[in-house]
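Enquirer: My structure is below; once you've seen it, I'll send some questions.
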Amino acid sequence: MSATKQLRIGIYPGSFDPITLGHLDVIERSAKILDRLIISVLLNSTKRPLFSSEERVALIEQAVKEIPNVYVEAFDGLTVEFARARGAQVIVRGLRAVSDFEYELQIAQINHKLAPEIDTIFLTTSVEYSYLSSSIVKEVASYGGDITRLVPECILQTVLDKYNKGV
Ligand code: ADP
């Protein structure tokens, strides 16, 4: 790599309420093709999150601590503005099924309109995680089901504790 080569920086925006093994799969794979990946935790989501932004950031930090080029930050406002502020050229998103497609396409197109210098790249889910979402994790956990193979092991207890505390 020459000294003047521009770093490939990407952001991976989302709610991550909480981070799942599906998210982690996208993170590990995109971190291999980028020099730096910033996981960007949305504050202004229309969904009412179960975990506060501080909790969501802390859970992700635990899950990615072994991956050296991955960073975690909460952000508010437009995704493209956050991407610009961090010098990112790409926005990473994951695609599970056709049901994700229409929404993701709209977001990618409006973001490209707002910031033509930034591209959205999609990683298709690994098959074993195609059914997996934060909502599924919360649903299963709320009924006392086993979420062992749904979330990173290091955050398992924190997620279970949330429900044991009667959320
Ligand atoms: P958002 O509220 O922005 O959709 P999420 O945390 O639900 O935030 O998802 C963030 C991104 O991760 C989205 O692009 C979503 O499609 C992707 N994603 C979520 N779960 C999976 C999974 N199991 N496999 C691949 N991508 C996923």
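Order determines the names: the first chain of the structure tokens is A, the second B, and so forth; residues in each chain are numbered 1 upward, and ligands are numbered 1 upward as they are shown.
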Neighbours of ligand 1 within 10 Å, counting only C-alpha atoms and all ligand atoms, as a ChimeraX atom specification?

Expert: /A:12-27,39-42,45-47,49,91-97,99-101,103-104,107,121-136,150

Enquirer: Using DSSP secondary structure from the backbone, list all alpha helix (DSSP H) positions within range 12-121 of chain A, as a ChimeraX atom specification.

Expert: /A:21-33,53-64,79-85,98-114

Enquirer: In Å, how far is it from CA of Asp161 in chain A to CA of Arg48 in chain A?

Expert: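 Calculated distance between CA of Asp161 in chain A and CA of Arg48 in chain A is 18.9 Å.
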
Enquirer: I'd like to know which of A:Leu160, A:Gly10, A:Val70, A:Ala85 is closest to Thr148 in chain A, using only C-alpha atoms.

Expert: A:Leu160

Enquirer: When you draw a straight line from CA of Glu28 in chain A to CA of Val80 in chain A, how long is it in Å?

Expert: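 Computed distance, CA of Glu28 in chain A to CA of Val80 in chain A, equals 22.2 Å.
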
Enquirer: Return the single residue from A:Lys162, A:Lys32, A:Arg8, A:Lys138 that is closest to Gly87 in chain A, with distances computed using only C-alpha atoms.

Expert: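 Nearest to Gly87 in chain A: A:Arg8.
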
Enquirer: Env of Glu81 in chain A: 10 Å cut, atoms = only C-alpha atoms, seq-sep filter 6 positions within chain, self excluded. Answer as a count of residues only.

Expert: 6

Enquirer: So what do you get for CA of Ile155 in chain A versus CA of Gln62 in chain A, distance-wise?

Expert: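 That distance, rounded to one decimal, is 7.3 Å.
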